[in-house]
$ cat query_9.tsv   # TSV, C-alpha atoms
chain	number	residue	atom	x	y	z
A	1	MET	CA	-22.04	15.14	15.41
A	2	ALA	CA	-19.42	14.65	18.11
A	3	HIS	CA	-20.46	12.64	21.15
A	4	GLN	CA	-16.92	12.23	22.41
A	5	ALA	CA	-14.74	14.62	24.37
A	6	HIS	CA	-11.50	13.50	22.78
A	7	ALA	CA	-9.96	13.71	19.32
A	8	TYR	CA	-9.27	10.02	18.82
A	9	HIS	CA	-11.13	7.40	16.82
A	10	MET	CA	-12.84	4.53	18.62
A	11	VAL	CA	-13.59	2.22	15.72
A	12	ASP	CA	-16.78	0.21	15.24
A	13	PRO	CA	-16.44	-3.54	15.89
A	14	SER	CA	-15.00	-5.09	12.74
A	15	PRO	CA	-14.71	-8.67	11.45
A	16	TRP	CA	-11.65	-8.02	9.29
A	17	PRO	CA	-8.90	-8.71	11.84
A	18	LEU	CA	-10.40	-12.19	12.31
A	19	THR	CA	-10.77	-12.89	8.61
A	20	GLY	CA	-7.22	-11.61	8.05
A	21	ALA	CA	-5.82	-13.86	10.75
A	22	ILE	CA	-7.65	-16.89	9.34
A	23	SER	CA	-6.38	-16.05	5.87
A	24	ALA	CA	-2.83	-16.10	7.26
A	25	LEU	CA	-3.55	-19.55	8.75
A	26	LEU	CA	-4.94	-20.81	5.45
A	27	MET	CA	-2.05	-19.40	3.44
A	28	THR	CA	0.64	-20.92	5.63
A	29	SER	CA	-0.97	-24.34	6.01
A	30	GLY	CA	-1.91	-24.11	2.33
A	31	LEU	CA	1.75	-23.65	1.45
A	32	ALA	CA	2.60	-26.76	3.47
A	33	THR	CA	-0.14	-28.89	1.89
A	34	THR	CA	0.86	-27.65	-1.56
A	35	PHE	CA	4.42	-28.76	-1.01
A	36	HIS	CA	3.49	-32.16	0.42
A	37	TYR	CA	0.33	-33.14	-1.46
A	38	LYS	CA	0.40	-30.86	-4.54
A	39	THR	CA	-3.15	-29.59	-3.75
A	40	THR	CA	-3.46	-25.81	-3.98
A	41	THR	CA	-7.00	-25.45	-2.58
A	42	LEU	CA	-6.05	-24.13	0.85
A	43	LEU	CA	-3.46	-21.76	-0.57
A	44	PHE	CA	-5.90	-20.39	-3.12
A	45	LEU	CA	-8.61	-20.05	-0.46
A	46	GLY	CA	-6.22	-18.23	1.85
A	47	THR	CA	-5.11	-15.79	-0.86
A	48	THR	CA	-8.73	-15.06	-1.85
A	49	LEU	CA	-9.61	-14.42	1.78
A	50	LEU	CA	-6.58	-12.13	2.15
A	51	LEU	CA	-7.65	-10.05	-0.85
A	52	LEU	CA	-11.24	-9.82	0.40
A	53	THR	CA	-10.01	-8.76	3.84
A	54	MET	CA	-7.67	-6.09	2.49
A	55	PHE	CA	-10.30	-4.68	0.17
A	56	GLN	CA	-13.01	-4.41	2.85
A	57	TRP	CA	-10.73	-3.25	5.66
A	58	TRP	CA	-9.24	-0.39	3.64
A	59	ARG	CA	-12.66	0.43	2.16
A	60	ASP	CA	-13.93	0.84	5.73
A	61	ILE	CA	-11.01	3.11	6.64
A	62	ILE	CA	-11.86	5.32	3.65
A	63	ARG	CA	-15.47	5.43	4.83
A	64	GLU	CA	-14.44	6.31	8.39
A	65	SER	CA	-12.16	9.12	7.23
A	66	THR	CA	-13.49	10.70	4.06
A	67	PHE	CA	-17.18	10.05	4.66
A	68	GLN	CA	-17.49	10.08	8.45
A	69	GLY	CA	-14.74	12.54	9.36
A	70	HIS	CA	-13.07	10.52	12.12
A	71	HIS	CA	-9.49	11.25	11.09
A	72	THR	CA	-8.65	14.31	13.12
A	73	THR	CA	-5.12	15.73	13.25
A	74	SER	CA	-4.31	13.51	16.24
A	75	VAL	CA	-5.50	10.41	14.40
A	76	GLN	CA	-3.46	11.36	11.35
A	77	LYS	CA	-0.41	11.85	13.53
A	78	GLY	CA	-0.85	8.32	14.89
A	79	HIS	CA	-1.14	6.99	11.36
A	80	GLY	CA	2.06	8.83	10.52
A	81	TYR	CA	3.91	7.14	13.36
A	82	GLY	CA	2.43	3.81	12.30
A	83	MET	CA	3.55	4.15	8.71
A	84	VAL	CA	7.05	5.22	9.73
A	85	LEU	CA	7.36	2.24	12.07
A	86	PHE	CA	6.08	-0.12	9.40
A	87	ILE	CA	8.55	1.16	6.81
A	88	THR	CA	11.33	0.88	9.41
A	89	SER	CA	10.43	-2.77	9.93
A	90	GLU	CA	10.63	-3.28	6.16
A	91	VAL	CA	14.06	-1.64	6.13
A	92	PHE	CA	15.23	-4.22	8.65
A	93	PHE	CA	13.70	-6.95	6.51
A	94	PHE	CA	15.90	-5.87	3.60
A	95	ILE	CA	18.94	-5.40	5.85
A	96	GLY	CA	18.80	-9.15	6.38
A	97	PHE	CA	19.11	-9.86	2.67
A	98	PHE	CA	21.89	-7.33	2.23
A	99	TRP	CA	23.67	-8.98	5.16
A	100	ALA	CA	23.42	-12.33	3.40
A	101	PHE	CA	24.77	-10.83	0.19
A	102	TYR	CA	27.74	-9.14	1.82
A	103	HIS	CA	28.47	-12.18	3.98
A	104	SER	CA	28.88	-14.34	0.89
A	105	SER	CA	30.47	-11.79	-1.42
A	106	LEU	CA	33.05	-10.09	0.82
A	107	ALA	CA	34.83	-13.40	1.55
A	108	PRO	CA	33.88	-15.72	-1.31
A	109	ALA	CA	34.16	-19.42	-0.40
A	110	ILE	CA	36.69	-21.67	-2.09
A	111	GLU	CA	33.74	-23.59	-3.61
A	112	LEU	CA	32.87	-20.46	-5.59
A	113	GLY	CA	36.42	-20.17	-6.87
A	114	GLY	CA	37.40	-17.70	-4.16
A	115	LEU	CA	36.10	-14.78	-6.17
A	116	TRP	CA	32.92	-12.73	-6.70
A	117	PRO	CA	31.07	-13.08	-9.01
A	118	PRO	CA	31.64	-16.81	-8.57
A	119	THR	CA	33.24	-18.87	-11.33
A	120	GLY	CA	30.77	-19.63	-14.07
A	121	ILE	CA	28.40	-16.75	-13.31
A	122	THR	CA	27.95	-14.03	-15.96
A	123	PRO	CA	26.45	-11.11	-14.06
A	124	LEU	CA	24.11	-8.63	-15.77
A	125	ASP	CA	25.76	-5.52	-17.17
A	126	PRO	CA	24.94	-2.79	-14.62
A	127	PHE	CA	24.99	-0.11	-17.31
A	128	GLU	CA	22.24	-1.64	-19.41
A	129	VAL	CA	18.69	-2.35	-18.19
A	130	PRO	CA	19.58	-1.98	-14.49
A	131	LEU	CA	20.73	1.60	-15.15
A	132	LEU	CA	17.49	2.29	-17.03
A	133	ASN	CA	15.58	0.88	-14.05
A	134	THR	CA	17.46	3.26	-11.79
A	135	ALA	CA	16.50	6.21	-14.00
A	136	VAL	CA	12.87	5.05	-14.07
A	137	LEU	CA	12.58	4.88	-10.29
A	138	LEU	CA	14.38	8.18	-9.74
A	139	ALA	CA	12.05	9.82	-12.25
A	140	SER	CA	9.07	8.31	-10.46
A	141	GLY	CA	10.33	9.90	-7.24
A	142	VAL	CA	10.24	13.27	-8.99
A	143	THR	CA	6.73	12.72	-10.40
A	144	VAL	CA	5.31	11.61	-7.05
A	145	THR	CA	6.72	14.77	-5.45
A	146	TRP	CA	5.20	16.81	-8.27
A	147	ALA	CA	1.88	15.08	-7.54
A	148	HIS	CA	2.15	15.94	-3.86
A	149	HIS	CA	2.78	19.61	-4.53
A	150	SER	CA	-0.09	19.66	-7.01
A	151	ILE	CA	-2.47	18.20	-4.43
A	152	ILE	CA	-1.35	20.78	-1.86
A	153	GLU	CA	-1.90	23.58	-4.36
A	154	GLY	CA	-5.32	22.23	-5.33
A	155	ALA	CA	-4.22	21.78	-8.92
A	156	ARG	CA	-6.39	18.83	-9.92
A	157	LYS	CA	-5.26	18.20	-13.49
A	158	PRO	CA	-1.47	18.28	-12.80
A	159	ALA	CA	-2.04	16.09	-9.74
A	160	LEU	CA	-3.86	13.47	-11.78
A	161	GLN	CA	-1.29	13.65	-14.58
A	162	SER	CA	1.75	13.34	-12.32
A	163	LEU	CA	0.21	10.56	-10.24
A	164	THR	CA	-0.66	8.67	-13.43
A	165	LEU	CA	2.88	9.15	-14.67
A	166	THR	CA	4.24	7.78	-11.38
A	167	VAL	CA	2.07	4.67	-11.69
A	168	LEU	CA	3.15	4.18	-15.31
A	169	LEU	CA	6.81	4.44	-14.35
A	170	GLY	CA	6.24	1.86	-11.62
A	171	LEU	CA	4.63	-0.51	-14.11
A	172	TYR	CA	7.44	0.13	-16.58
A	173	PHE	CA	10.01	-0.83	-13.92
A	174	THR	CA	8.15	-4.06	-13.18
A	175	ALA	CA	7.91	-4.94	-16.88
A	176	LEU	CA	11.62	-4.26	-17.44
A	177	GLN	CA	12.60	-6.30	-14.39
A	178	ALA	CA	10.37	-9.19	-15.47
A	179	MET	CA	12.08	-9.19	-18.84
A	180	GLU	CA	15.49	-9.13	-17.13
A	181	TYR	CA	14.48	-12.11	-14.99
A	182	TYR	CA	13.45	-14.03	-18.09
A	183	GLU	CA	16.62	-13.19	-20.03
A	184	ALA	CA	19.12	-13.62	-17.17
A	185	PRO	CA	21.90	-16.14	-17.85
A	186	PHE	CA	21.71	-17.44	-14.26
A	187	THR	CA	18.85	-18.70	-12.07
A	188	LEU	CA	17.79	-18.89	-8.42
A	189	ALA	CA	19.40	-22.33	-8.31
A	190	ASP	CA	22.85	-21.05	-9.28
A	191	GLY	CA	24.45	-21.19	-5.88
A	192	VAL	CA	24.68	-18.35	-3.45
A	193	TYR	CA	24.97	-15.75	-6.22
A	194	GLY	CA	21.66	-16.73	-7.76
A	195	CYS	CA	20.06	-17.03	-4.35
A	196	THR	CA	21.11	-13.62	-3.01
A	197	PHE	CA	20.40	-11.93	-6.34
A	198	PHE	CA	16.89	-13.25	-6.91
A	199	VAL	CA	15.72	-13.19	-3.29
A	200	ALA	CA	16.85	-9.59	-2.74
A	201	THR	CA	15.69	-8.23	-6.10
A	202	GLY	CA	12.61	-10.45	-6.00
A	203	PHE	CA	11.39	-9.08	-2.68
A	204	HIS	CA	12.19	-5.60	-3.93
A	205	GLY	CA	10.07	-6.26	-7.04
A	206	LEU	CA	7.21	-7.41	-4.84
A	207	HIS	CA	7.45	-4.14	-2.92
A	208	VAL	CA	7.41	-2.20	-6.19
A	209	ILE	CA	4.17	-3.97	-7.10
A	210	ILE	CA	2.70	-3.20	-3.67
A	211	GLY	CA	3.78	0.44	-3.93
A	212	THR	CA	2.38	0.78	-7.45
A	213	THR	CA	-0.94	-0.66	-6.28
A	214	PHE	CA	-1.03	1.77	-3.34
A	215	LEU	CA	-0.40	4.68	-5.74
A	216	MET	CA	-3.11	3.39	-8.11
A	217	VAL	CA	-5.59	3.41	-5.24
A	218	CYS	CA	-4.54	6.99	-4.46
A	219	LEU	CA	-5.05	7.93	-8.10
A	220	LEU	CA	-8.52	6.42	-8.05
A	221	ARG	CA	-9.36	8.23	-4.81
A	222	HIS	CA	-8.11	11.51	-6.18
A	223	THR	CA	-10.36	11.22	-9.23
A	224	HIS	CA	-13.21	10.71	-6.74
A	225	TYR	CA	-12.33	13.92	-4.87
A	226	HIS	CA	-11.31	12.14	-1.65
A	227	PHE	CA	-8.19	14.24	-1.08
A	228	THR	CA	-8.17	17.89	-0.03
A	229	SER	CA	-5.20	20.20	-0.15
A	230	LYS	CA	-4.83	20.00	3.63
A	231	HIS	CA	-5.80	16.37	4.24
A	232	HIS	CA	-4.41	13.59	2.08
A	233	PHE	CA	-2.53	11.30	4.42
A	234	GLY	CA	-3.23	8.20	2.34
A	235	PHE	CA	-1.32	9.78	-0.51
A	236	GLU	CA	1.53	10.86	1.78
A	237	ALA	CA	1.83	7.32	3.14
A	238	ALA	CA	1.95	5.97	-0.43
A	239	ALA	CA	4.61	8.52	-1.35
A	240	TRP	CA	6.74	7.63	1.69
A	241	TYR	CA	6.48	3.93	0.79
A	242	TRP	CA	7.42	4.70	-2.80
A	243	HIS	CA	10.52	6.65	-1.75
A	244	PHE	CA	11.51	3.71	0.48
A	245	VAL	CA	11.18	1.34	-2.50
A	246	ASP	CA	13.34	3.71	-4.57
A	247	VAL	CA	16.06	3.89	-1.91
A	248	VAL	CA	16.15	0.08	-1.55
A	249	TRP	CA	16.65	-0.16	-5.30
A	250	LEU	CA	19.55	2.30	-5.14
A	251	PHE	CA	21.23	0.13	-2.50
A	252	LEU	CA	20.53	-3.00	-4.58
A	253	TYR	CA	21.95	-1.36	-7.67
A	254	ILE	CA	25.13	-0.15	-5.99
A	255	SER	CA	25.75	-3.37	-4.03
A	256	ILE	CA	24.56	-6.27	-6.12
A	257	TYR	CA	24.47	-4.96	-9.67
A	258	TRP	CA	27.49	-2.66	-9.69
A	259	TRP	CA	29.94	-3.62	-6.94
A	260	GLY	CA	28.94	-7.27	-7.22
A	261	SER	CA	29.66	-7.59	-10.92
B	1	MET	CA	-15.66	23.02	25.55
B	2	TYR	CA	-13.11	20.57	24.29
B	3	TYR	CA	-9.74	19.88	25.89
B	4	ARG	CA	-6.43	19.19	24.17
B	5	LEU	CA	-3.32	17.79	25.80
B	6	ASN	CA	-0.35	19.99	25.10
B	7	GLY	CA	2.39	17.45	24.44
B	8	VAL	CA	5.11	19.82	25.61
B	9	THR	CA	3.71	21.08	28.91
B	10	GLN	CA	1.67	17.89	29.51
B	11	ARG	CA	-1.28	20.06	30.52
B	12	LEU	CA	-4.84	20.07	29.31
B	13	ILE	CA	-5.77	23.27	27.60
B	14	GLY	CA	-9.31	24.24	26.75
B	15	ALA	CA	-10.09	24.79	23.11
B	16	PRO	CA	-13.08	26.51	21.59
B	17	ALA	CA	-15.81	24.24	20.31
B	18	ALA	CA	-14.48	24.45	16.79
B	19	ALA	CA	-11.24	22.74	17.86
B	20	TYR	CA	-12.71	19.32	17.32
B	21	SER	CA	-14.13	19.27	13.88
B	22	PRO	CA	-13.74	16.07	11.93
B	23	GLN	CA	-11.49	16.93	9.06
B	24	GLY	CA	-13.30	14.53	6.81
B	25	LEU	CA	-16.23	16.92	6.91
B	26	CYS	CA	-14.60	19.29	4.49
B	27	PRO	CA	-17.07	21.36	2.51
B	28	GLY	CA	-18.20	19.63	-0.63
B	29	VAL	CA	-16.17	22.02	-2.75
B	30	PRO	CA	-12.71	20.61	-3.43
B	31	PRO	CA	-10.11	23.39	-3.56
B	32	VAL	CA	-9.48	23.30	-7.30
B	33	SER	CA	-8.41	26.49	-9.07
B	34	PRO	CA	-10.87	27.72	-11.68
B	35	PRO	CA	-10.27	26.31	-15.17
B	36	VAL	CA	-8.20	28.28	-17.66
B	37	ILE	CA	-10.30	29.82	-20.40
B	38	PHE	CA	-9.45	27.26	-23.10
B	39	ALA	CA	-10.50	24.45	-20.79
B	40	SER	CA	-13.90	25.81	-19.84
B	41	PRO	CA	-16.51	23.18	-19.03
B	42	THR	CA	-19.05	22.34	-21.67
B	43	LYS	CA	-21.86	21.96	-19.18
B	44	LEU	CA	-23.20	24.28	-16.54
B	45	ALA	CA	-21.30	24.26	-13.27
B	46	SER	CA	-23.11	22.42	-10.47
B	47	GLU	CA	-23.48	23.78	-6.94
B	48	THR	CA	-19.75	23.12	-6.53
B	49	GLY	CA	-19.26	26.59	-7.96
B	50	SER	CA	-16.63	27.25	-10.58
B	51	GLN	CA	-15.09	23.78	-10.47
B	52	ALA	CA	-14.83	21.98	-13.77
B	53	GLU	CA	-16.21	18.47	-13.46
B	54	TYR	CA	-13.03	16.85	-14.61
B	55	LEU	CA	-13.42	13.10	-15.21
B	56	ARG	CA	-16.41	12.66	-12.88
B	57	ALA	CA	-18.90	14.38	-10.59
B	58	ASN	CA	-18.08	14.96	-6.95
B	59	ARG	CA	-20.20	12.53	-4.95
B	60	ILE	CA	-18.52	13.18	-1.61
B	61	PRO	CA	-21.37	15.19	-0.01
B	62	ASP	CA	-23.86	12.42	-0.86
B	63	LEU	CA	-21.56	9.73	0.49
B	64	GLN	CA	-20.93	11.74	3.64
B	65	LYS	CA	-24.69	11.96	4.19
B	66	LEU	CA	-25.12	8.23	3.57
B	67	PHE	CA	-22.38	7.12	5.94
B	68	GLN	CA	-23.33	9.55	8.68
B	69	ARG	CA	-26.93	8.33	8.96
B	70	ALA	CA	-27.60	7.64	12.64
B	71	ASP	CA	-28.93	4.11	12.10
B	72	GLY	CA	-26.49	2.26	14.35
B	73	ILE	CA	-25.22	0.11	11.48
B	74	PRO	CA	-21.45	-0.55	11.75
B	75	VAL	CA	-19.29	0.93	9.03
B	76	HIS	CA	-18.56	-2.38	7.33
B	77	LEU	CA	-22.27	-2.87	6.57
B	78	LYS	CA	-23.33	0.73	6.16
B	79	GLY	CA	-23.05	0.76	2.38
B	80	GLY	CA	-26.12	-1.40	1.88
B	81	LEU	CA	-26.87	-4.82	0.41
B	82	ILE	CA	-23.58	-5.32	-1.38
B	83	ASP	CA	-21.75	-4.89	1.95
B	84	LYS	CA	-23.87	-7.63	3.49
B	85	LEU	CA	-23.24	-10.01	0.58
B	86	LEU	CA	-19.52	-9.37	0.61
B	87	TYR	CA	-19.37	-9.79	4.40
B	88	ARG	CA	-21.29	-13.05	4.33
B	89	THR	CA	-19.12	-14.43	1.53
B	90	THR	CA	-15.96	-13.47	3.40
B	91	MET	CA	-17.19	-14.90	6.71
B	92	GLY	CA	-18.36	-18.07	4.97
B	93	LEU	CA	-14.93	-18.57	3.46
B	94	THR	CA	-13.34	-17.79	6.84
B	95	VAL	CA	-15.35	-20.32	8.85
B	96	GLY	CA	-15.41	-22.93	6.10
B	97	GLY	CA	-11.76	-22.43	5.38
B	98	ALA	CA	-10.80	-22.73	9.04
B	99	PHE	CA	-12.62	-26.07	9.32
B	100	TYR	CA	-11.13	-27.32	6.06
B	101	CYS	CA	-7.71	-26.30	7.29
B	102	LEU	CA	-8.11	-28.17	10.60
B	103	VAL	CA	-9.29	-31.29	8.76
B	104	ALA	CA	-6.38	-31.08	6.31
B	105	LEU	CA	-3.90	-30.64	9.17
B	106	TYR	CA	-5.46	-33.57	11.04
B	107	ILE	CA	-5.09	-35.79	7.98
B	108	ALA	CA	-1.54	-34.55	7.39
B	109	ALA	CA	-0.66	-35.36	10.98
B	110	GLN	CA	-1.63	-39.03	10.59
B	111	PRO	CA	1.42	-41.32	10.43
B	112	GLY	CA	1.96	-42.98	7.07
B	113	ASN	CA	-0.02	-40.28	5.25
B	114	LYS	CA	2.90	-38.66	3.47

$ encode --input "query_9.tsv" --output "structure tokens"
Amino acid sequence: MAHQAHAYHMVDPSPWPLTGAISALLMTSGLATTFHYKTTTLLFLGTTLLLLTMFQWWRDIIRESTFQGHHTTSVQKGHGYGMVLFITSEVFFFIGFFWAFYHSSLAPAIELGGLWPPTGITPLDPFEVPLLNTAVLLASGVTVTWAHHSIIEGARKPALQSLTLTVLLGLYFTALQAMEYYEAPFTLADGVYGCTFFVATGFHGLHVIIGTTFLMVCLLRHTHYHFTSKHHFGFEAAAWYWHFVDVVWLFLYISIYWWGS
Amino acid sequence: MYYRLNGVTQRLIGAPAAAYSPQGLCPGVPPVSPPVIFASPTKLASETGSQAEYLRANRIPDLQKLFQRADGIPVHLKGGLIDKLLYRTTMGLTVGGAFYCLVALYIAAQPGNK
């Protein structure tokens, strides 16, 4: 079927980059109009368009790889580099929030009482739910590795079980964290403590949700026989992302929950 | 004859014709170990050999045939009617949304319209 003398993938023309870019325009201007005029139409439209774009774009990539065979070793290697670079950019994103936290907490301002946690703030006990959350994510790191080995060995049932378990642990983390957010004695508006806490853990929670979704898609694909023991880069990318999410949590736990209490 | 670039020596080296074989075109049989005796399938094995049809049937060979049809249709429309409907909906929202956005920004830019 090959009409090309190279191992790379020249994709068919696709409308999804355009629709994705427009969805970004609609979401940003929608945010502005929501703030100023309280009308959420543009924002809602932009979000819908984003979801449609993501669904169809990634559906097409699955078609190009699993059904059309375009993802040679060279192509996979490029995807590997891409995923590593993307995760690196996310690491830098979080470095910014850790910088903000340490800036405010290492030399607490006189307005905070000159101490950290600031006067009036009751931090969460790091050895209660946050410790459970740490155990949950570490366990999910084990189960996703178990899933990977199962896929490599061609063991279908253990792969499906361990991948399901990983997804469940991810959902459990999100549920626990949501409950913590609800029960917390301080809010986002409680000065720089509340701000650094909720922005850092909030963005982390968003990444947990993204990672869980990615793993769910992998689970669905594995039930549909998309992955082979030698070729399952989508799963590997999801696993890398999940480990990244786990490591960010460990830094959050040590810095904000434990040292910062 | 296909050529590969050796990343170390920066030279092209010839590879036998089998060097380029799309890895997506794996044989329809997924490499699953045969089921243990107490988990034997209740229905006859299909042409996928001794694989137990766990959870669902393997439709990959059919999908590979569908998406490799040489009909010139781009991949985002190759799945049939539902692709076309989804594409048109998305494009409609894109174009309509872009216009709506420009109008909203124009109105927002008018002085006194806060």

$ closest_residue --input "query_9.tsv" --among "B:Asn6, B:Gly14, B:Leu81, B:Tyr100" --to "chain A" --atoms "all atoms listed in the file"
B:Tyr100

$ atom_distance --input "query_9.tsv" --atom1 "CA of Leu66 (chain B)" --atom2 "CA of Ser74 (chain A)"
24.9 Å

$ closest_residue --input "query_9.tsv" --among "A:Leu250, A:Ala24, A:Val91, A:Ala200" --to "Thr48 (chain A)" --atoms "only C-alpha atoms"
A:Ala24

$ closest_atom_pairs --input "query_9.tsv" --of "chain A" --to "chain B" --cutoff "9 Å" --atoms "all atoms listed in the file" --output "CSV"
residue,atom,partner,partner_atom,distance
A:Met1,CA,B:Gln68,CA,8.8
A:Ala2,CA,B:Ser21,CA,8.2
A:Ala5,CA,B:Tyr2,CA,6.2
A:His6,CA,B:Tyr3,CA,7.3
A:Ala7,CA,B:Tyr20,CA,6.6
A:Val11,CA,B:Val75,CA,8.9
A:Asp12,CA,B:Pro74,CA,5.9
A:Pro13,CA,B:Pro74,CA,7.2
A:Ser14,CA,B:His76,CA,7.0
A:Pro15,CA,B:Met91,CA,8.2
A:Leu18,CA,B:Thr94,CA,8.4
A:Thr19,CA,B:Thr94,CA,5.8
A:Gly20,CA,B:Thr94,CA,8.8
A:Ile22,CA,B:Thr94,CA,6.3
A:Ser23,CA,B:Thr94,CA,7.2
A:Leu25,CA,B:Ala98,CA,7.9
A:Leu26,CA,B:Cys101,CA,6.4
A:Ser29,CA,B:Cys101,CA,7.1
A:Gly30,CA,B:Cys101,CA,7.9
A:Thr33,CA,B:Ala104,CA,8.0
A:His36,CA,B:Lys114,CA,7.2
A:Tyr37,CA,B:Lys114,CA,7.8
A:Leu42,CA,B:Cys101,CA,7.0
A:Leu45,CA,B:Gly97,CA,7.0
A:Gly46,CA,B:Gly97,CA,7.8
A:Thr48,CA,B:Leu93,CA,8.9
A:Leu49,CA,B:Thr90,CA,6.6
A:Leu52,CA,B:Thr90,CA,6.7
A:Thr53,CA,B:Thr90,CA,7.6
A:Gln56,CA,B:His76,CA,7.4
A:Trp57,CA,B:His76,CA,8.1
A:Arg59,CA,B:His76,CA,8.3
A:Asp60,CA,B:His76,CA,5.9
A:Ile61,CA,B:Val75,CA,8.9
A:Arg63,CA,B:Phe67,CA,7.2
A:Glu64,CA,B:Val75,CA,7.3
A:Ser65,CA,B:Gly24,CA,5.5
A:Thr66,CA,B:Gly24,CA,4.7
A:Phe67,CA,B:Gln64,CA,4.2
A:Gln68,CA,B:Gln68,CA,5.9
A:Gly69,CA,B:Gly24,CA,3.5
A:His70,CA,B:Pro22,CA,5.6
A:His71,CA,B:Gln23,CA,6.4
A:Thr72,CA,B:Pro22,CA,5.5
A:Thr73,CA,B:Gln23,CA,7.7
A:Glu153,CA,B:Val32,CA,8.1
A:Gly154,CA,B:Val32,CA,4.7
A:Ala155,CA,B:Val32,CA,5.7
A:Arg156,CA,B:Val32,CA,6.0
A:Lys157,CA,B:Tyr54,CA,8.0
A:Thr223,CA,B:Leu55,CA,7.0
A:His224,CA,B:Asn58,CA,6.5
A:Tyr225,CA,B:Asn58,CA,6.2
A:His226,CA,B:Ile60,CA,7.3
A:Phe227,CA,B:Pro30,CA,8.2
A:Thr228,CA,B:Pro30,CA,6.3
A:Ser229,CA,B:Pro31,CA,6.8
A:His231,CA,B:Gln23,CA,7.5

$ residues_around --input "query_9.tsv" --residues "Ala147 (chain A)" --least-positions-apart "5" --cutoff "10 Å" --atoms "only C-alpha atoms" --output "compact mmCIF listing (two decimals) with C-alpha atoms, in the coordinates of the input"
# COMPACT_ATOMS: atom_id res chain seq x y z
CA GLY A 141 10.33 9.90 -7.24
CA VAL A 142 10.24 13.27 -8.99
CA ILE A 152 -1.35 20.78 -1.86
CA GLU A 153 -1.90 23.58 -4.36
CA ALA A 155 -4.22 21.78 -8.92
CA ARG A 156 -6.39 18.83 -9.92
CA LYS A 157 -5.26 18.20 -13.49
CA PRO A 158 -1.47 18.28 -12.80
CA ALA A 159 -2.04 16.09 -9.74
CA LEU A 160 -3.86 13.47 -11.78
CA GLN A 161 -1.29 13.65 -14.58
CA SER A 162 1.75 13.34 -12.32
CA LEU A 163 0.21 10.56 -10.24
CA THR A 164 -0.66 8.67 -13.43
CA LEU A 165 2.88 9.15 -14.67
CA THR A 166 4.24 7.78 -11.38
CA LEU A 219 -5.05 7.93 -8.10
CA PHE A 235 -1.32 9.78 -0.51
CA ALA A 239 4.61 8.52 -1.35

$ residues_around --input "query_9.tsv" --residues "Ala189 (chain A)" --least-positions-apart "5" --cutoff "12 Å" --atoms "all atoms listed in the file" --output "list in words"
Ile121, Gly194, Cys195, Thr196, Phe197, Phe198 and Val199 of chain A

$ atom_distance --input "query_9.tsv" --atom1 "CA of Ser105 (chain A)" --atom2 "CA of Ile256 (chain A)"
9.4 Å

$ closest_residue --input "query_9.tsv" --among "A:Thr119, A:Thr201, A:Thr212, A:Thr187" --to "Val144 (chain A)" --atoms "all atoms listed in the file"
A:Thr212

$ atom_distance --input "query_9.tsv" --atom1 "CA of Tyr257 (chain A)" --atom2 "CA of Ala184 (chain A)"
12.6 Å

$ residues_near_point --input "query_9.tsv" --point "(7.4, -3.3, -4.7)" --cutoff "10 Å" --atoms "all atoms listed in the file" --output "PyMOL selection string"
chain A and resi 170+173-174+201-214+241-242+244-246+248-249

$ closest_residue --input "query_9.tsv" --among "A:Glu90, A:Pro185, A:His79, A:Ala32" --to "Thr122 (chain A)" --atoms "all atoms listed in the file"
A:Pro185
